[in-house]
$ cat input-v3.txt   # compact mmCIF, C-alpha atoms and all ligand atoms
# COMPACT_ATOMS: atom_id res chain seq x y z
CA LEU A 399 -104.83 -109.58 -32.94
CA HIS A 400 -101.63 -107.69 -32.24
CA SER A 401 -98.59 -109.64 -31.29
CA GLU A 402 -96.16 -108.49 -28.71
CA GLY A 403 -92.52 -108.71 -29.72
CA SER A 404 -89.51 -109.57 -27.62
CA ASN A 405 -88.66 -106.06 -26.43
CA ASN A 406 -92.10 -105.11 -25.26
CA ASP A 407 -92.79 -103.65 -28.66
CA TYR A 408 -95.69 -104.21 -30.96
CA LEU A 409 -96.20 -105.49 -34.46
CA PHE A 410 -99.20 -104.17 -36.37
CA LYS A 411 -100.13 -105.63 -39.72
CA ILE A 412 -101.61 -102.97 -41.97
CA VAL A 413 -102.89 -103.60 -45.49
CA LEU A 414 -103.06 -101.28 -48.47
CA LEU A 415 -106.27 -101.58 -50.50
CA GLY A 416 -107.74 -99.78 -53.48
CA ASP A 417 -107.98 -99.96 -57.23
CA SER A 418 -104.94 -100.49 -59.40
CA GLY A 419 -103.07 -97.28 -60.16
CA VAL A 420 -104.24 -95.19 -57.20
CA GLY A 421 -100.71 -95.02 -55.77
CA LYS A 422 -100.62 -97.69 -53.06
CA SER A 423 -97.09 -98.86 -53.88
CA ASN A 424 -95.82 -95.31 -54.12
CA LEU A 425 -97.34 -94.34 -50.77
CA LEU A 426 -95.41 -97.22 -49.24
CA ALA A 427 -92.23 -96.39 -51.19
CA ARG A 428 -92.47 -92.75 -50.06
CA PHE A 429 -93.14 -93.67 -46.46
CA ALA A 430 -90.62 -96.49 -46.06
CA ARG A 431 -87.81 -95.34 -48.36
CA ASN A 432 -88.62 -91.75 -49.36
CA GLU A 433 -88.74 -92.86 -52.97
CA PHE A 434 -91.16 -92.25 -55.82
CA TYR A 435 -91.52 -94.12 -59.10
CA SER A 436 -93.16 -92.43 -62.07
CA ASN A 437 -93.93 -95.85 -63.53
CA SER A 438 -95.48 -98.74 -61.61
CA LYS A 439 -92.44 -100.97 -61.15
CA SER A 440 -92.43 -100.36 -57.41
CA THR A 441 -95.19 -102.94 -57.00
CA ILE A 442 -93.23 -105.91 -58.19
CA GLY A 443 -91.74 -108.25 -55.64
CA VAL A 444 -92.54 -106.33 -52.47
CA GLU A 445 -94.78 -108.28 -50.16
CA PHE A 446 -94.57 -106.07 -47.10
CA GLN A 447 -92.26 -103.58 -45.45
CA THR A 448 -91.68 -103.21 -41.77
CA GLN A 449 -91.23 -99.71 -40.48
CA LYS A 450 -90.31 -98.79 -36.92
CA MET A 451 -92.40 -96.02 -35.43
CA GLU A 452 -92.96 -94.52 -32.02
CA VAL A 453 -96.26 -93.89 -30.27
CA ASN A 454 -96.41 -92.67 -26.66
CA GLY A 455 -92.77 -93.62 -26.21
CA LYS A 456 -93.42 -97.20 -27.30
CA GLU A 457 -91.72 -98.73 -30.29
CA ILE A 458 -94.17 -100.01 -32.86
CA LYS A 459 -93.32 -102.08 -35.87
CA ALA A 460 -95.76 -101.31 -38.65
CA GLN A 461 -95.77 -104.20 -41.10
CA ILE A 462 -97.34 -102.68 -44.18
CA TRP A 463 -98.56 -105.02 -46.89
CA ASP A 464 -98.79 -104.04 -50.54
CA THR A 465 -100.68 -106.00 -53.16
CA ALA A 466 -98.45 -107.39 -55.88
CA GLY A 467 -100.89 -105.98 -58.43
CA GLN A 468 -103.45 -108.76 -57.81
CA GLU A 469 -106.18 -106.14 -57.34
CA ARG A 470 -106.25 -105.82 -61.14
CA PHE A 471 -107.63 -109.36 -61.27
CA ARG A 472 -109.83 -109.00 -58.17
CA ALA A 473 -107.78 -111.76 -56.65
CA VAL A 474 -106.42 -110.37 -53.42
CA THR A 475 -106.14 -113.51 -51.32
CA SER A 476 -107.31 -114.11 -47.77
CA ALA A 477 -103.66 -114.51 -46.72
CA TYR A 478 -103.23 -110.86 -47.55
CA TYR A 479 -105.91 -109.86 -45.04
CA ARG A 480 -105.12 -112.41 -42.36
CA GLY A 481 -104.22 -110.81 -39.04
CA ALA A 482 -104.55 -107.25 -40.29
CA VAL A 483 -105.41 -104.72 -37.59
CA GLY A 484 -105.38 -101.68 -39.88
CA ALA A 485 -106.15 -100.78 -43.47
CA LEU A 486 -105.55 -97.85 -45.77
CA VAL A 487 -108.25 -97.76 -48.43
CA VAL A 488 -106.80 -95.60 -51.17
CA TYR A 489 -108.46 -93.84 -54.09
CA ASP A 490 -107.14 -91.39 -56.66
CA VAL A 491 -108.69 -87.90 -56.35
CA SER A 492 -108.25 -87.48 -60.11
CA ARG A 493 -110.28 -90.64 -60.98
CA ARG A 494 -113.86 -90.73 -59.73
CA GLN A 495 -114.16 -94.41 -60.55
CA THR A 496 -111.55 -95.29 -57.93
CA PHE A 497 -113.62 -93.42 -55.33
CA ASP A 498 -116.75 -95.30 -56.43
CA SER A 499 -114.84 -98.56 -55.75
CA VAL A 500 -114.20 -97.72 -52.10
CA GLY A 501 -117.41 -99.44 -50.94
CA ARG A 502 -116.39 -102.64 -52.66
CA TRP A 503 -112.97 -102.56 -50.96
CA LEU A 504 -114.61 -102.00 -47.57
CA ASN A 505 -116.90 -104.99 -48.17
CA GLU A 506 -113.94 -107.13 -49.14
CA LEU A 507 -112.05 -105.99 -46.06
CA HIS A 508 -114.96 -106.80 -43.77
CA THR A 509 -115.54 -110.25 -45.23
CA HIS A 510 -111.92 -111.15 -44.43
CA CYS A 511 -111.24 -109.18 -41.27
CA ASP A 512 -112.87 -108.25 -38.05
CA MET A 513 -115.43 -105.44 -38.42
CA ASN A 514 -113.28 -103.25 -36.22
CA VAL A 515 -110.12 -103.29 -38.30
CA ILE A 516 -109.05 -99.67 -38.08
CA THR A 517 -109.41 -98.01 -41.43
CA ILE A 518 -108.31 -94.74 -42.95
CA LEU A 519 -109.69 -93.50 -46.25
CA VAL A 520 -106.87 -91.98 -48.29
CA GLY A 521 -107.45 -89.65 -51.24
CA ASN A 522 -104.09 -89.80 -53.01
CA LYS A 523 -102.62 -87.61 -55.81
CA SER A 524 -103.70 -84.35 -54.18
CA ASP A 525 -100.96 -82.70 -56.29
CA LEU A 526 -103.11 -83.16 -59.43
CA LYS A 527 -105.12 -80.03 -58.71
CA ASP A 528 -106.38 -79.38 -62.23
CA ALA A 529 -107.44 -82.98 -62.80
CA ARG A 530 -109.39 -83.40 -59.56
CA GLU A 531 -112.64 -85.37 -59.86
CA VAL A 532 -113.31 -86.01 -56.16
CA SER A 533 -113.63 -83.05 -53.81
CA THR A 534 -112.24 -83.05 -50.29
CA THR A 535 -115.83 -82.62 -49.06
CA ASP A 536 -116.96 -85.81 -50.82
CA GLY A 537 -114.03 -87.73 -49.36
CA LYS A 538 -114.72 -86.44 -45.87
CA SER A 539 -118.42 -87.19 -46.00
CA LEU A 540 -117.89 -90.76 -47.20
CA ALA A 541 -115.41 -91.24 -44.37
CA GLU A 542 -117.93 -89.90 -41.87
CA THR A 543 -120.78 -92.12 -43.03
CA GLN A 544 -118.51 -95.18 -42.95
CA SER A 545 -116.81 -94.19 -39.64
CA LEU A 546 -113.36 -94.04 -41.21
CA PHE A 547 -110.46 -91.73 -40.60
CA PHE A 548 -109.72 -89.52 -43.60
CA ILE A 549 -106.70 -87.85 -45.17
CA GLU A 550 -105.59 -86.59 -48.58
CA THR A 551 -102.04 -87.35 -49.62
CA SER A 552 -99.56 -87.03 -52.43
CA ALA A 553 -96.89 -89.69 -52.81
CA LEU A 554 -95.39 -87.42 -55.50
CA ASP A 555 -94.84 -84.30 -53.38
CA SER A 556 -94.87 -86.22 -50.03
CA SER A 557 -97.69 -84.26 -48.50
CA ASN A 558 -99.43 -86.05 -45.62
CA VAL A 559 -97.82 -89.42 -46.41
CA ASN A 560 -96.17 -89.76 -43.01
CA ALA A 561 -99.29 -88.35 -41.38
CA ALA A 562 -101.46 -91.04 -42.97
CA PHE A 563 -99.32 -93.87 -41.58
CA GLN A 564 -98.80 -92.10 -38.23
CA THR A 565 -102.55 -91.63 -37.85
CA ILE A 566 -103.42 -95.25 -38.43
CA VAL A 567 -100.65 -96.57 -36.19
CA LYS A 568 -101.59 -94.15 -33.41
CA GLU A 569 -105.26 -95.11 -33.61
CA ILE A 570 -104.46 -98.83 -33.60
CA TYR A 571 -102.28 -98.28 -30.56
CA ASN A 572 -104.96 -96.27 -28.77
CA ILE A 573 -107.64 -98.86 -29.41
CA LEU A 574 -105.71 -102.10 -28.92
CA CYS A 575 -103.04 -101.32 -26.38
P1 LIG A 601 -100.84 -98.90 -57.26
O1 LIG A 601 -101.26 -99.71 -58.45
O2 LIG A 601 -102.02 -98.48 -56.44
O3 LIG A 601 -99.77 -99.54 -56.46
O4 LIG A 601 -100.25 -97.51 -57.83
P2 LIG A 601 -98.73 -97.11 -58.08
O5 LIG A 601 -98.07 -96.73 -56.80
O6 LIG A 601 -98.07 -98.13 -58.90
O7 LIG A 601 -98.96 -95.76 -58.91
C1 LIG A 601 -99.64 -95.74 -60.14
C2 LIG A 601 -99.21 -94.53 -60.94
O8 LIG A 601 -99.61 -93.32 -60.27
C3 LIG A 601 -97.70 -94.44 -61.15
O9 LIG A 601 -97.44 -93.94 -62.42
C4 LIG A 601 -97.27 -93.42 -60.09
O10 LIG A 601 -96.13 -92.72 -60.47
C5 LIG A 601 -98.47 -92.50 -60.02
N1 LIG A 601 -98.66 -91.89 -58.70
C6 LIG A 601 -98.67 -92.52 -57.50
N2 LIG A 601 -98.87 -91.64 -56.50
C7 LIG A 601 -99.00 -90.42 -57.08
C8 LIG A 601 -99.25 -89.10 -56.57
O11 LIG A 601 -99.39 -88.86 -55.38
N3 LIG A 601 -99.34 -88.10 -57.50
C9 LIG A 601 -99.20 -88.32 -58.83
N4 LIG A 601 -99.28 -87.26 -59.65
N5 LIG A 601 -98.97 -89.55 -59.34
C10 LIG A 601 -98.87 -90.59 -58.47
MG MG A 602 -99.03 -101.41 -56.56
$ encode --input "input-v3.txt" --output "structure tokens" --more "lines below"
Ligand code: GDP
Ligand code: MG
Amino acid sequence: LHSEGSNNDYLFKIVLLGDSGVGKSNLLARFARNEFYSNSKSTIGVEFQTQKMEVNGKEIKAQIWDTAGQERFRAVTSAYYRGAVGALVVYDVSRRQTFDSVGRWLNELHTHCDMNVITILVGNKSDLKDAREVSTTDGKSLAETQSLFFIETSALDSSNVNAAFQTIVKEIYNILC
């Protein structure tokens, strides 16, 4: 599933999944460009971004795919999933409904990809402390029952954004390489 590049490096395709508005595009914008958009324009036009990373002294290219907003129409295509070795399934800690959708996203992922696509559950918008509708405990326990990695992030204040991508890339490397 992973393809080896010319310089003994690796290319991992990783997909972002989750309901519209949870912050997928902003997680990618924060990670790849250290940018944040208070509106949702960041989604438009970006298919994927490739980010160089290092794991165990090896150069990894993480090719991170963002939906172009198709998730609003439940029309994320199979091309989006094709060849993915990792997934970030994102919900918004301030909107319970987005957490309730996680199961549906996992089903969708597993109908298109291998069962063992490495997945991290990401509770985004941890900065919205007063508006929280999903506790850290609930996030953790869902992750445990579904055998997912788990992290809470904020694309707004940057917390854990790099860690989320580092974790998934490291785990992919450990399992596949
Ligand atoms: P997407 O539809 O999942 O790609 O979500 P976007 O990245 O477009 O974000 C949707 C909205 O949530 C935008 O208004 C963002 O500014 C906002 N947003 C994204 N991440 C965060 C975050 O970590 N904290 C807060 N407070 N807002 C965020
Ligand atoms: Mg988006």
$ closest_residue --input "input-v3.txt" --among "A:Gly537, A:Gly416, A:Gly481, A:Gly421" --to "ligand LIG 601 (chain A)" --atoms "all atoms listed in the file"
A:Gly421
$ residues_around --input "input-v3.txt" --residues "Leu526 (chain A)" --least-positions-apart "4" --cutoff "9 Å" --atoms "all atoms listed in the file" --output "ChimeraX atom specification"
/A:491-492,530,552
$ atom_distance --input "input-v3.txt" --atom1 "CA of Asp407 (chain A)" --atom2 "CA of Glu457 (chain A)"
5.3 Å
$ closest_residue --input "input-v3.txt" --among "A:Gly484, A:Gly501, A:Gly455, A:Gly419" --to "Arg470 (chain A)" --atoms "only C-alpha atoms"
A:Gly419
$ atom_distance --input "input-v3.txt" --atom1 "CA of Phe563 (chain A)" --atom2 "CA of Ala473 (chain A)"
24.9 Å
$ residues_near_ligand --input "input-v3.txt" --ligand "ligand LIG 601 (chain A)" --cutoff "6 Å" --atoms "all atoms listed in the file" --output "PyMOL selection string"
chain A and resi 418-424+435-438+441+522-523+525-526+552-554
$ closest_residue --input "input-v3.txt" --among "A:Tyr408, A:Trp503, A:Phe429, A:Trp463" --to "ligand MG 602 (chain A)" --atoms "all atoms listed in the file"
A:Trp463
$ closest_residue --input "input-v3.txt" --among "A:Val500, A:Ile518, A:Val487, A:Ala466" --to "Ala561 (chain A)" --atoms "only C-alpha atoms"
A:Ile518
$ residues_around --input "input-v3.txt" --residues "Ile462 (chain A)" --least-positions-apart "4" --cutoff "6 Å" --atoms "all atoms listed in the file" --output "VMD selection string"
chain A and resid 412 to 413 446 to 447
$ atom_distance --input "input-v3.txt" --atom1 "CA of Ile458 (chain A)" --atom2 "CA of Val559 (chain A)"
17.6 Å
$ closest_residue --input "input-v3.txt" --among "A:Phe548, A:Tyr489, A:His508, A:Ile516" --to "Asn572 (chain A)" --atoms "only C-alpha atoms"
A:Ile516
$ residues_around --input "input-v3.txt" --residues "Leu546 (chain A)" --least-positions-apart "4" --cutoff "7 Å" --atoms "all atoms listed in the file" --output "number ranges by chain"
A: 517-519, 541-542
$ write_last_selection --input "input-v3.txt" --atoms "C-alpha atoms" --output "PDB file, in the frame of the given file"
ATOM      1  CA  THR A 517    -109.410 -98.010 -41.430  1.00  0.00           C
ATOM      2  CA  ILE A 518    -108.310 -94.740 -42.950  1.00  0.00           C
ATOM      3  CA  LEU A 519    -109.690 -93.500 -46.250  1.00  0.00           C
ATOM      4  CA  ALA A 541    -115.410 -91.240 -44.370  1.00  0.00           C
ATOM      5  CA  GLU A 542    -117.930 -89.900 -41.870  1.00  0.00           C
TER       6      GLU A 542
END
$ residues_around --input "input-v3.txt" --residues "Met451 (chain A)" --least-positions-apart "5" --cutoff "9 Å" --atoms "all atoms listed in the file" --output "list in words"
Lys456, Glu457, Ile458, Lys459, Ala460, Gln564 and Val567 of chain A
$ write_last_selection --input "input-v3.txt" --atoms "C-alpha atoms" --output "compact mmCIF listing (two decimals), keeping the file's coordinate frame"
# COMPACT_ATOMS: atom_id res chain seq x y z
CA LYS A 456 -93.42 -97.20 -27.30
CA GLU A 457 -91.72 -98.73 -30.29
CA ILE A 458 -94.17 -100.01 -32.86
CA LYS A 459 -93.32 -102.08 -35.87
CA ALA A 460 -95.76 -101.31 -38.65
CA GLN A 564 -98.80 -92.10 -38.23
CA VAL A 567 -100.65 -96.57 -36.19
$ closest_residue --input "input-v3.txt" --among "A:Thr448, A:Gln495, A:Gln461, A:Thr535" --to "Lys411 (chain A)" --atoms "all atoms listed in the file"
A:Gln461
$ axis_aligned_box --input "input-v3.txt" --around "region 530-537 of chain A" --padding-each-side "4 Å" --output "JSON"
{"center_x": -113.2, "center_y": -85.2, "center_z": -54.5, "size_x": 15.6, "size_y": 13.1, "size_z": 18.8}
$ build_atoms --input "input-v3.txt" --residues "region 449-464 of chain A" --atoms "N, CA and C atoms" --output "compact mmCIF listing (two decimals), in the coordinates of the input"
# COMPACT_ATOMS: atom_id res chain seq x y z
N GLN A 449 -91.73 -101.03 -40.79
CA GLN A 449 -91.23 -99.71 -40.48
C GLN A 449 -91.36 -99.48 -38.97
N LYS A 450 -90.25 -99.09 -38.35
CA LYS A 450 -90.31 -98.79 -36.92
C LYS A 450 -90.89 -97.40 -36.70
N MET A 451 -91.79 -97.31 -35.74
CA MET A 451 -92.40 -96.02 -35.43
C MET A 451 -92.51 -95.90 -33.92
N GLU A 452 -92.81 -94.69 -33.46
CA GLU A 452 -92.96 -94.52 -32.02
C GLU A 452 -94.30 -93.88 -31.69
N VAL A 453 -95.01 -94.47 -30.77
CA VAL A 453 -96.26 -93.89 -30.27
C VAL A 453 -96.21 -93.93 -28.75
N ASN A 454 -96.43 -92.77 -28.13
CA ASN A 454 -96.41 -92.67 -26.66
C ASN A 454 -95.15 -93.32 -26.07
N GLY A 455 -94.02 -93.09 -26.72
CA GLY A 455 -92.77 -93.62 -26.21
C GLY A 455 -92.57 -95.12 -26.40
N LYS A 456 -93.53 -95.76 -27.05
CA LYS A 456 -93.42 -97.20 -27.30
C LYS A 456 -92.99 -97.43 -28.75
N GLU A 457 -92.11 -98.41 -28.93
CA GLU A 457 -91.72 -98.73 -30.29
C GLU A 457 -92.75 -99.65 -30.94
N ILE A 458 -93.18 -99.24 -32.11
CA ILE A 458 -94.17 -100.01 -32.86
C ILE A 458 -93.52 -100.44 -34.17
N LYS A 459 -93.73 -101.67 -34.53
CA LYS A 459 -93.32 -102.08 -35.87
C LYS A 459 -94.58 -102.15 -36.72
N ALA A 460 -94.64 -101.29 -37.72
CA ALA A 460 -95.76 -101.31 -38.65
C ALA A 460 -95.35 -102.19 -39.82
N GLN A 461 -96.06 -103.29 -39.98
CA GLN A 461 -95.77 -104.20 -41.10
C GLN A 461 -96.82 -103.90 -42.18
N ILE A 462 -96.39 -103.19 -43.20
CA ILE A 462 -97.34 -102.68 -44.18
C ILE A 462 -97.29 -103.53 -45.44
N TRP A 463 -98.46 -104.09 -45.77
CA TRP A 463 -98.56 -105.02 -46.89
C TRP A 463 -99.05 -104.29 -48.13
N ASP A 464 -98.39 -104.60 -49.25
CA ASP A 464 -98.79 -104.04 -50.54
C ASP A 464 -99.23 -105.19 -51.43
